[in-house]
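**Student:** Compact mmCIF, C-alpha atoms, saved as coords25.txt, coming up:
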```
# COMPACT_ATOMS: atom_id res chain seq x y z
CA MET A 1 79.18 215.21 -20.43
CA SER A 2 75.69 216.56 -21.07
CA SER A 3 72.71 214.59 -22.29
CA ARG A 4 70.39 215.73 -25.04
CA PRO A 5 66.71 214.85 -25.27
CA GLN A 6 66.03 211.76 -27.38
CA VAL A 7 63.02 212.10 -29.67
CA TYR A 8 61.09 209.70 -31.90
CA LEU A 9 60.16 210.97 -35.37
CA THR A 10 57.64 209.03 -37.48
CA ARG A 11 56.61 209.41 -41.10
CA LYS A 12 53.75 207.55 -42.76
CA GLU A 13 53.40 206.39 -46.38
CA CYS A 14 50.83 204.20 -48.14
CA PHE A 15 51.48 201.71 -50.91
CA SER A 16 49.38 199.17 -52.77
CA ALA A 17 50.61 195.71 -53.67
CA CYS A 18 49.30 192.25 -54.35
CA HIS A 19 50.65 188.89 -53.24
CA ARG A 20 49.80 185.29 -52.47
CA LEU A 21 50.68 183.85 -49.10
CA HIS A 22 52.48 180.66 -50.03
CA SER A 23 55.61 179.09 -48.59
CA PRO A 24 57.89 176.97 -50.79
CA PHE A 25 58.77 175.04 -47.60
CA LEU A 26 55.21 173.75 -47.12
CA SER A 27 53.12 171.31 -49.14
CA GLU A 28 50.14 172.59 -51.13
CA GLU A 29 47.80 171.22 -48.46
CA ALA A 30 49.80 172.76 -45.61
CA ASN A 31 49.83 176.12 -47.42
CA ARG A 32 46.03 175.99 -47.74
CA GLN A 33 45.68 175.11 -44.04
CA VAL A 34 48.11 177.76 -42.78
CA TYR A 35 47.17 180.67 -45.06
CA GLY A 36 43.50 179.88 -45.81
CA LYS A 37 41.85 182.26 -48.30
CA CYS A 38 45.12 184.22 -48.56
CA ASN A 39 46.66 181.24 -50.38
CA ASN A 40 44.36 181.81 -53.37
CA PRO A 41 46.49 181.04 -56.49
CA ASN A 42 45.33 184.30 -58.07
CA GLY A 43 46.52 186.32 -55.06
CA HIS A 44 44.92 189.35 -53.46
CA GLY A 45 45.90 192.95 -52.69
CA HIS A 46 46.31 195.38 -49.85
CA ASN A 47 46.62 199.10 -49.32
CA TYR A 48 49.44 199.02 -46.79
CA THR A 49 50.20 201.94 -44.46
CA VAL A 50 53.83 202.02 -43.32
CA GLU A 51 55.11 204.09 -40.42
CA VAL A 52 58.87 204.49 -40.18
CA THR A 53 60.19 205.78 -36.86
CA VAL A 54 63.68 207.09 -36.24
CA ARG A 55 65.04 207.79 -32.77
CA GLY A 56 67.88 209.98 -31.66
CA PRO A 57 69.06 213.11 -29.96
CA VAL A 58 67.77 216.47 -31.11
CA ASP A 59 70.58 218.23 -32.95
CA GLY A 60 71.52 221.45 -31.18
CA LYS A 61 71.95 223.36 -34.45
CA THR A 62 68.99 222.10 -36.53
CA GLY A 63 66.55 221.20 -33.75
CA MET A 64 65.83 217.90 -35.53
CA VAL A 65 66.55 214.20 -35.07
CA MET A 66 66.53 213.90 -38.86
CA ASN A 67 65.37 216.18 -41.62
CA ILE A 68 61.87 214.92 -42.51
CA THR A 69 62.67 215.58 -46.19
CA ASP A 70 65.51 213.05 -45.96
CA LEU A 71 63.26 210.48 -44.28
CA LYS A 72 60.65 211.02 -46.98
CA GLU A 73 63.27 210.36 -49.69
CA TYR A 74 64.59 207.24 -47.93
CA MET A 75 61.04 205.89 -47.71
CA ASN A 76 60.42 206.72 -51.36
CA GLN A 77 63.50 204.71 -52.36
CA ALA A 78 63.01 201.78 -49.98
CA ILE A 79 59.22 201.44 -50.10
CA MET A 80 57.47 203.28 -52.91
CA LYS A 81 59.95 202.49 -55.71
CA LYS A 82 60.44 198.87 -54.60
CA LEU A 83 56.91 197.82 -53.57
CA ASP A 84 54.15 200.17 -54.75
CA HIS A 85 51.74 198.74 -57.34
CA LEU A 86 53.75 195.55 -57.70
CA ASN A 87 53.16 191.85 -57.20
CA LEU A 88 55.41 191.16 -54.22
CA ASP A 89 55.93 187.51 -55.17
CA LYS A 90 56.67 188.07 -58.85
CA ASP A 91 58.20 191.56 -59.03
CA VAL A 92 60.33 191.73 -55.85
CA PRO A 93 63.27 189.26 -55.95
CA TYR A 94 63.48 189.22 -52.12
CA PHE A 95 60.22 187.25 -52.01
CA LYS A 96 61.11 184.68 -54.68
CA ASN A 97 61.59 181.94 -52.06
CA LEU A 98 60.08 183.65 -49.03
CA ALA A 99 56.42 183.98 -48.05
CA SER A 100 55.37 187.61 -48.53
CA THR A 101 53.77 187.94 -45.11
CA THR A 102 53.53 191.38 -43.58
CA GLU A 103 56.19 190.28 -41.10
CA ASN A 104 58.60 189.64 -43.97
CA VAL A 105 57.61 192.88 -45.72
CA ALA A 106 58.53 194.76 -42.52
CA ILE A 107 61.94 193.06 -42.42
CA PHE A 108 62.48 193.85 -46.11
CA ILE A 109 61.70 197.55 -45.53
CA TRP A 110 63.97 197.67 -42.46
CA ASP A 111 66.87 196.09 -44.35
CA SER A 112 66.32 198.34 -47.38
CA LEU A 113 66.29 201.50 -45.26
CA LYS A 114 69.41 200.46 -43.33
CA LEU A 115 71.31 200.20 -46.62
CA ILE A 116 70.51 203.72 -47.82
CA MET A 117 70.26 205.89 -44.70
CA ASP A 118 73.17 208.23 -43.92
CA LYS A 119 72.71 207.40 -40.24
CA PRO A 120 71.14 203.90 -40.16
CA GLU A 121 71.61 203.72 -36.39
CA LEU A 122 68.68 206.18 -36.08
CA LEU A 123 66.20 203.64 -37.51
CA TYR A 124 63.99 202.52 -34.63
CA GLU A 125 60.80 200.89 -35.91
CA ILE A 126 58.81 199.80 -38.95
CA LYS A 127 55.07 199.52 -38.38
CA ILE A 128 52.90 198.22 -41.20
CA HIS A 129 49.11 198.36 -41.11
CA GLU A 130 48.06 195.65 -43.51
CA THR A 131 44.37 196.27 -42.84
CA ASP A 132 42.45 198.47 -40.43
CA LYS A 133 42.63 195.61 -37.93
CA ASN A 134 46.09 194.10 -38.45
CA ALA A 135 49.52 195.63 -37.94
CA VAL A 136 53.08 194.32 -37.68
CA ILE A 137 55.95 196.04 -35.86
CA TYR A 138 59.65 195.30 -36.45
CA ARG A 139 62.52 196.90 -34.58
CA GLY A 140 65.44 194.97 -36.05
CA GLU A 141 65.55 192.47 -33.23
CA LYS A 142 66.88 188.98 -33.88
CA HIS A 143 65.59 185.79 -32.28
CA MET A 144 68.07 183.16 -31.20
CA VAL A 145 67.37 179.93 -33.09
CA GLY A 146 66.70 177.05 -30.74
CA HIS A 147 65.66 179.36 -27.89
CA HIS A 148 63.02 177.68 -25.72
CA HIS A 149 60.48 180.50 -26.18
CA HIS A 150 60.39 180.12 -29.98
CA ASN A 151 56.81 178.80 -30.19
CA GLU A 152 55.56 181.52 -27.87
CA THR A 153 57.27 184.19 -29.98
CA VAL A 154 55.75 182.84 -33.20
CA LYS A 155 52.29 182.80 -31.67
CA GLN A 156 52.64 186.36 -30.39
CA SER A 157 53.79 187.64 -33.80
CA ARG A 158 50.61 186.46 -35.50
CA VAL A 159 47.32 188.29 -35.49
CA THR A 160 44.44 185.95 -34.81
CA ASN A 161 40.78 186.21 -33.96
CA SER A 162 39.28 183.55 -31.72
CA SER A 163 36.09 183.45 -33.80
CA GLU A 164 38.11 182.47 -36.89
CA ASN A 165 39.28 179.03 -37.85
CA SER A 166 42.28 178.51 -35.57
CA SER A 167 44.21 176.76 -38.35
CA ASN A 168 44.46 180.02 -40.28
CA MET A 169 47.32 181.69 -38.39
CA SER A 170 48.10 184.18 -41.15
CA SER A 171 48.63 187.79 -40.26
CA ASP A 172 47.10 188.50 -43.66
CA SER A 173 43.56 187.85 -42.44
CA ASP A 174 41.17 190.81 -42.45
CA SER A 175 39.51 189.78 -39.19
```
Turn this file's structure into structure tokens for me.

**Tutor:**
Amino acid sequence: MSSRPQVYLTRKECFSACHRLHSPFLSEEANRQVYGKCNNPNGHGHNYTVEVTVRGPVDGKTGMVMNITDLKEYMNQAIMKKLDHLNLDKDVPYFKNLASTTENVAIFIWDSLKLIMDKPELLYEIKIHETDKNAVIYRGEKHMVGHHHHNETVKQSRVTNSSENSSNMSSDSDS
């Protein structure tokens, strides 16, 4: 049994979308406290940069983990056609009852890609740059509900700046 080198291949795309950070599971006041200026009823927009990474052995015949043309088409179907120049909350059914945080956008893209890829097991990572300062990474991992590190995990998944109001824990902040 011989081993082949495992390589990571990443492709980047940019899309623009607007949204309002608002959870149907929180009161109006709690939404304002948690999401701050990103809870503006009129919403706001971002130019998101998404990096999709696949991981696998280099094929002995093609010399590739995946044909980059295929990855480009998967990203076009899962990201550009479903999210670009749309209102995430109003135009994407997935976000009807789910806050359109960048964390949830990453999960949406992961799930969408898994459904259409010929070899979904190659999908390794979704990285979304929401702003120049904020990014979210998702690798398909699941968190066990009720696990004692839950609060620590939630805190680590948020991007915060100590000079900001600590009640605004949104990853949507520009700071």

**Student:** Name the residues in contact with A:Met80 at a cut-off of 10 Å, using all atoms listed in the file, excluding same-chain residues fewer than 6 positions from it; report them as a list of chain:residue names.

**Tutor:**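 Returned residues: A:Glu13, A:Cys14, A:Phe15, A:Ser16, A:Glu73, A:Tyr74, A:Leu86.
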
**Student:** Could those selected residues go to a file with C-alpha atoms, as a PDB file, in the coordinates of the input?

**Tutor:**
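File written: part35.pdb
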```
ATOM      1  CA  GLU A  13      53.400 206.390 -46.380  1.00  0.00           C
ATOM      2  CA  CYS A  14      50.830 204.200 -48.140  1.00  0.00           C
ATOM      3  CA  PHE A  15      51.480 201.710 -50.910  1.00  0.00           C
ATOM      4  CA  SER A  16      49.380 199.170 -52.770  1.00  0.00           C
ATOM      5  CA  GLU A  73      63.270 210.360 -49.690  1.00  0.00           C
ATOM      6  CA  TYR A  74      64.590 207.240 -47.930  1.00  0.00           C
ATOM      7  CA  LEU A  86      53.750 195.550 -57.700  1.00  0.00           C
TER       8      LEU A  86
END
```

**Student:** If I take atom CA of A:Gln6 and atom CA of A:Asp118, how far is one from the other in Å, to one decimal?

**Tutor:**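 Distance between the two atoms: 18.4 Å.
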
**Student:** Of the candidates A:Val54, A:Cys38, A:Ala17, A:Ile109, which shows the shortest atom-to-atom distance to A:Asn67, using all atoms listed in the file?

**Tutor:**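 The answer is A:Val54, which sits nearest to A:Asn67.
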
**Student:** Rank A:Met144, A:Val34, A:Ile107, A:Ile68 by their smallest atom-to-atom distance to A:Arg11, using all atoms listed in the file, and report the top residue only.

**Tutor:**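 Looking at the shortest contact to A:Arg11, the residue is A:Ile68.
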
**Student:** Which residues come within 9 Å of A:His44, counting all atoms listed in the file, excluding same-chain residues fewer than 4 positions away, as a PyMOL selection string?

**Tutor:** chain A and resi 17-20+38-40

**Student:** Between A:Glu51, A:Glu125, A:Asp59, A:Glu29, which one has atoms that come closest to A:Trp110, using only C-alpha atoms?

**Tutor:**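 Of the candidates, the smallest distance to A:Trp110 is held by A:Glu125.
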
**Student:** Atom CA of A:Arg32 to atom CA of A:Val136: how many Å, to one decimal?

**Tutor:**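 Taking atom CA of A:Arg32 as the start and atom CA of A:Val136 as the end point, the length is 22.1 Å.
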
**Student:** Would you mind putting back N, CA, C and O atoms on stretch 16-42 of chain A, then writing it out as a short mmCIF file (atom, residue, chain, number, x, y, z; two decimals), in the frame of the given file?

**Tutor:**
```cif
data_model
loop_
_atom_site.label_atom_id
_atom_site.label_comp_id
_atom_site.auth_asym_id
_atom_site.auth_seq_id
_atom_site.Cartn_x
_atom_site.Cartn_y
_atom_site.Cartn_z
N SER A 16 50.28 200.26 -52.39
CA SER A 16 49.38 199.17 -52.77
C SER A 16 50.20 198.08 -53.43
O SER A 16 51.08 198.37 -54.24
N ALA A 17 49.90 196.85 -53.07
CA ALA A 17 50.61 195.71 -53.67
C ALA A 17 49.73 194.47 -53.56
O ALA A 17 48.85 194.39 -52.70
N CYS A 18 50.00 193.52 -54.43
CA CYS A 18 49.30 192.25 -54.35
C CYS A 18 50.31 191.15 -54.03
O CYS A 18 51.52 191.32 -54.20
N HIS A 19 49.80 190.04 -53.55
CA HIS A 19 50.65 188.89 -53.24
C HIS A 19 49.78 187.67 -53.01
O HIS A 19 48.56 187.75 -52.97
N ARG A 20 50.44 186.54 -52.86
CA ARG A 20 49.80 185.29 -52.47
C ARG A 20 50.61 184.74 -51.32
O ARG A 20 51.83 184.59 -51.42
N LEU A 21 49.95 184.46 -50.21
CA LEU A 21 50.68 183.85 -49.10
C LEU A 21 50.87 182.37 -49.42
O LEU A 21 49.91 181.61 -49.51
N HIS A 22 52.13 182.02 -49.63
CA HIS A 22 52.48 180.66 -50.03
C HIS A 22 53.94 180.44 -49.69
O HIS A 22 54.79 181.23 -50.07
N SER A 23 54.23 179.39 -48.96
CA SER A 23 55.61 179.09 -48.59
C SER A 23 56.13 177.92 -49.42
O SER A 23 55.49 176.86 -49.48
N PRO A 24 57.30 178.08 -50.03
CA PRO A 24 57.89 176.97 -50.79
C PRO A 24 58.33 175.83 -49.87
O PRO A 24 58.65 174.74 -50.35
N PHE A 25 58.33 176.05 -48.56
CA PHE A 25 58.77 175.04 -47.60
C PHE A 25 57.61 174.20 -47.07
O PHE A 25 57.82 173.31 -46.25
N LEU A 26 56.39 174.50 -47.53
CA LEU A 26 55.21 173.75 -47.12
C LEU A 26 54.58 173.07 -48.33
O LEU A 26 54.70 173.55 -49.45
N SER A 27 53.86 171.99 -48.07
CA SER A 27 53.12 171.31 -49.14
C SER A 27 51.94 172.19 -49.55
O SER A 27 51.57 173.14 -48.85
N GLU A 28 51.32 171.84 -50.68
CA GLU A 28 50.14 172.59 -51.13
C GLU A 28 49.05 172.55 -50.06
O GLU A 28 48.44 173.57 -49.75
N GLU A 29 48.83 171.37 -49.48
CA GLU A 29 47.80 171.22 -48.46
C GLU A 29 48.14 172.04 -47.21
O GLU A 29 47.28 172.73 -46.66
N ALA A 30 49.39 171.99 -46.79
CA ALA A 30 49.80 172.76 -45.61
C ALA A 30 49.67 174.26 -45.87
O ALA A 30 49.24 175.01 -44.99
N ASN A 31 50.01 174.71 -47.08
CA ASN A 31 49.83 176.12 -47.42
C ASN A 31 48.37 176.53 -47.32
O ASN A 31 48.05 177.59 -46.78
N ARG A 32 47.47 175.68 -47.82
CA ARG A 32 46.03 175.99 -47.74
C ARG A 32 45.57 176.05 -46.28
O ARG A 32 44.80 176.93 -45.91
N GLN A 33 46.08 175.13 -45.46
CA GLN A 33 45.68 175.11 -44.04
C GLN A 33 46.23 176.32 -43.29
O GLN A 33 45.52 176.93 -42.50
N VAL A 34 47.47 176.67 -43.52
CA VAL A 34 48.11 177.76 -42.78
C VAL A 34 47.59 179.12 -43.23
O VAL A 34 47.27 179.98 -42.40
N TYR A 35 47.49 179.34 -44.54
CA TYR A 35 47.17 180.67 -45.06
C TYR A 35 45.71 180.85 -45.46
O TYR A 35 45.30 181.98 -45.75
N GLY A 36 44.92 179.78 -45.51
CA GLY A 36 43.50 179.88 -45.81
C GLY A 36 43.23 180.61 -47.11
O GLY A 36 43.89 180.38 -48.13
N LYS A 37 42.26 181.55 -47.08
CA LYS A 37 41.85 182.26 -48.30
C LYS A 37 42.99 183.10 -48.87
O LYS A 37 42.98 183.44 -50.06
N CYS A 38 43.99 183.41 -48.08
CA CYS A 38 45.12 184.22 -48.56
C CYS A 38 46.10 183.41 -49.40
O CYS A 38 47.06 183.96 -49.94
N ASN A 39 45.85 182.10 -49.52
CA ASN A 39 46.66 181.24 -50.38
C ASN A 39 46.05 181.09 -51.77
O ASN A 39 46.53 180.32 -52.59
N ASN A 40 45.01 181.84 -52.06
CA ASN A 40 44.36 181.81 -53.37
C ASN A 40 45.42 181.93 -54.47
O ASN A 40 46.21 182.88 -54.46
N PRO A 41 45.47 180.99 -55.43
CA PRO A 41 46.49 181.04 -56.49
C PRO A 41 46.50 182.34 -57.29
O PRO A 41 47.53 182.72 -57.83
N ASN A 42 45.38 183.04 -57.34
CA ASN A 42 45.33 184.30 -58.07
C ASN A 42 45.78 185.49 -57.22
O ASN A 42 45.86 186.61 -57.72
#
```
